[in-house]
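**Q** Mind having a look at this structure? Questions to follow.
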Amino acid sequence: MSERTRKFSAELDKLIEDGTMLSLAMEHDCEPDRFNKIYLEAFNGDEAKLKSLQVKLPNFRSEYQGWYSKAQAVIKQVMPDRLSDFTSYFEVPKGRKEITFQNYMIRDYLQGLNVTRGWQQDVIADGKAAIPEFTQQLNMVKAAKATLDSTLMDLKAVLQADLFDSEIETAGALAKAGYLRAAGAICGVVIEKHLLHVCDVHNVTVRKKNPGISDLSQLLRDADVTTVPQWRFIQHLADIRNICDHAKGREPTKEEIADLVAGAEKVLKTIF
């Protein structure tokens, strides 16, 4: 297992651990008496252990968003076909006209929304309705970990990333030595190969025989894989790469190559 894979696996373990604590915090917030009874029994009546657990519980409303952002990135990387399912447990359904137990989402819970009906204030939906939604999100992160540990994981992407890191380091060394065109050419190849892999991951068809950075970037933008700012950033890098490839044109500047080296590294980390 490569160092990158080990690091990613460790980060996933921490994400699952944090998610488990958030799940407990949500249960305690929604049904404290039931929570205390269950865990007091689990601890054989040891109130000190129960108290220790309660103290460790995070504040779901303040810490969920950070967890969600990290988990969303993992799902997008490991199981991109499930990303819409993952976000659906958080987002309010489009066209929702009334709130029920079935369509009460995590966003509603974060807002402290409680829905009642009638003069007796019968509860239609409250925070408890969001518990199954978060449970599904946590289960998806666990599934991502299982996928990473299985042969179904795209190891090609991990190994390729290690190789690309090494090539970018080489490009940086060449740039410092004054070999600007060579450094730019290496970065250009790295960006092209990475974007080709991203197209493959998202099932984006590449029809051109020898596509360049601009071609691949446009395909990813059209497929909504990248945002407009990301597309513009990649186009800027493509322009610098073109300067390096045309021997009869002007020489690239040190600043441009520095931007290209840093930009290539950023593309590897943010476009997937």
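By order of appearance in the structure tokens: chains A, B, ..., then residues from 1 within every chain, and ligands from 1 in the order shown.
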Would you tabulate, counting only C-alpha atoms, all residues of range 110-199 of chain A that have an atom at most 9 Å from an atom of range 220-232 of chain A, showing the closest pair of atoms and their distance in Å to one decimal, sorted by chain then ascending number, as JSON lines?
**A**
```
{"residue": "A:Leu195", "atom": "CA", "partner": "A:Leu220", "partner_atom": "CA", "distance": 8.2}
{"residue": "A:Val198", "atom": "CA", "partner": "A:Leu220", "partner_atom": "CA", "distance": 8.2}
{"residue": "A:Cys199", "atom": "CA", "partner": "A:Leu220", "partner_atom": "CA", "distance": 6.7}
```
**Q** Fewer than 3 positions away in the same chain doesn't count, so skip those; otherwise give me all residues within 10 Å of Ala258 in chain A, counting only C-alpha atoms, as JSON, numbers by chain.
**A** {"A": [171, 172, 175, 176, 180, 183, 184, 253, 254, 255, 261, 262, 263, 264]}
**Q** Could you take the residues named above and write them with C-alpha atoms, as a CSV table (one decimal), in the first residue's frame?
**A**
```
chain,number,residue,atom,x,y,z
A,171,ALA,CA,9.5,20.0,-12.9
A,172,GLY,CA,10.1,22.3,-9.9
A,175,ALA,CA,12.6,25.3,-13.2
A,176,LYS,CA,15.0,26.3,-10.4
A,180,LEU,CA,11.8,26.5,-18.0
A,183,ALA,CA,9.6,22.1,-16.6
A,184,GLY,CA,6.5,23.5,-18.4
A,253,THR,CA,9.0,33.6,-17.7
A,254,LYS,CA,10.1,32.2,-14.4
A,255,GLU,CA,6.8,33.5,-12.9
A,261,VAL,CA,4.1,24.1,-11.4
A,262,ALA,CA,1.9,25.3,-8.5
A,263,GLY,CA,-1.2,25.1,-10.7
A,264,ALA,CA,-0.5,21.5,-11.8
```
**Q** Tell me, as an mmCIF file with C-alpha atoms, in the first residue's frame, which residues lie within 8 Å of range 185-187 of chain A, counting only C-alpha atoms; anything in the same chain fewer than 2 positions away does not count.
**A**
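Just written: out.cif:
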```cif
data_model
loop_
_atom_site.group_PDB
_atom_site.id
_atom_site.type_symbol
_atom_site.label_atom_id
_atom_site.label_comp_id
_atom_site.auth_asym_id
_atom_site.auth_seq_id
_atom_site.Cartn_x
_atom_site.Cartn_y
_atom_site.Cartn_z
ATOM 1 C CA GLU A 167 7.001 14.440 -11.802
ATOM 2 C CA ILE A 168 5.894 17.795 -10.407
ATOM 3 C CA ALA A 171 9.508 20.009 -12.879
ATOM 4 C CA ARG A 181 10.484 24.939 -21.156
ATOM 5 C CA ALA A 182 11.274 21.420 -19.897
ATOM 6 C CA ALA A 183 9.576 22.123 -16.581
ATOM 7 C CA VAL A 189 1.783 16.209 -19.563
ATOM 8 C CA VAL A 190 0.846 15.681 -15.901
ATOM 9 C CA ILE A 191 -2.238 17.893 -16.220
ATOM 10 C CA ARG A 241 1.874 25.207 -21.416
ATOM 11 C CA CYS A 244 6.480 26.138 -23.554
ATOM 12 C CA ASP A 245 5.576 23.878 -26.465
ATOM 13 C CA LEU A 260 2.267 26.289 -13.903
ATOM 14 C CA VAL A 261 4.071 24.073 -11.386
ATOM 15 C CA ALA A 264 -0.496 21.488 -11.763
#
```
**Q** For Val92 in chain A, which residue out of A:Asp13, A:Glu27, A:Asp239, A:Glu133 is the nearest one, using only C-alpha atoms?
**A**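 Residue with the minimum atom-to-atom distance to Val92 in chain A: A:Glu133.
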**Q** Enumerate, as a VMD selection string, the complete set of residues in range 58-87 of chain A that a backbone-based DSSP assignment places in alpha helix (DSSP H).
**A** chain A and resid 60 to 78 83 to 87
**Q** Could you pull out the strand (DSSP E) residues of range 89-230 of chain A from DSSP and send them as a list of chain:residue names?
**A** A:Val115, A:Thr116, A:Arg117, A:Asp122, A:Val123, A:Ile124, A:Ala125
**Q** Could you write those residues out with N, CA and C atoms, as a CSV table (one decimal), in the first residue's frame?
**A**
```csv
chain,number,residue,atom,x,y,z
A,115,VAL,N,-42.1,20.6,13.5
A,115,VAL,CA,-43.4,20.8,12.8
A,115,VAL,C,-44.5,20.1,13.6
A,116,THR,N,-45.5,20.9,14.0
A,116,THR,CA,-46.6,20.4,14.8
A,116,THR,C,-47.9,20.7,14.1
A,117,ARG,N,-49.0,20.0,14.6
A,117,ARG,CA,-50.3,20.2,14.0
A,117,ARG,C,-51.4,20.2,15.1
A,122,ASP,N,-49.6,18.3,18.1
A,122,ASP,CA,-49.1,17.0,17.8
A,122,ASP,C,-47.8,17.1,16.9
A,123,VAL,N,-46.8,16.4,17.2
A,123,VAL,CA,-45.5,16.5,16.5
A,123,VAL,C,-45.6,15.7,15.1
A,124,ILE,N,-45.4,16.4,14.0
A,124,ILE,CA,-45.4,15.8,12.7
A,124,ILE,C,-44.0,15.4,12.4
A,125,ALA,N,-43.1,16.3,12.6
A,125,ALA,CA,-41.6,16.0,12.3
A,125,ALA,C,-40.8,16.9,13.2
```
**Q** May I ask which of the residues A:Ala25, A:Ala48, A:Ala130, A:Leu196 is the closest one to Gly112 in chain A, counting only C-alpha atoms?
**A** A:Ala130
**Q** Check the smallest atom-to-atom distance from each of A:Glu251, A:Asp259, A:Asp29, A:Val141 to Pro58 in chain A using only C-alpha atoms, then report the winner.
**A**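 Of the candidates, the smallest distance to Pro58 in chain A is held by A:Asp29.
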**Q** Quick one: distance from CA of Ser214 in chain A to CA of Lys269 in chain A in Å, one decimal?
**A** 18.6 Å
**Q** Quick one, how far is CA of Gln102 in chain A from CA of Gln65 in chain A?
**A**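 CA of Gln65 in chain A lies at a distance of 22.0 Å from CA of Gln102 in chain A.
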**Q** May I ask for the distance between CA of Ala71 in chain A and CA of Phe90 in chain A, given in Å to one decimal place?
**A**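 Going from CA of Ala71 in chain A over to CA of Phe90 in chain A, I get 12.2 Å.
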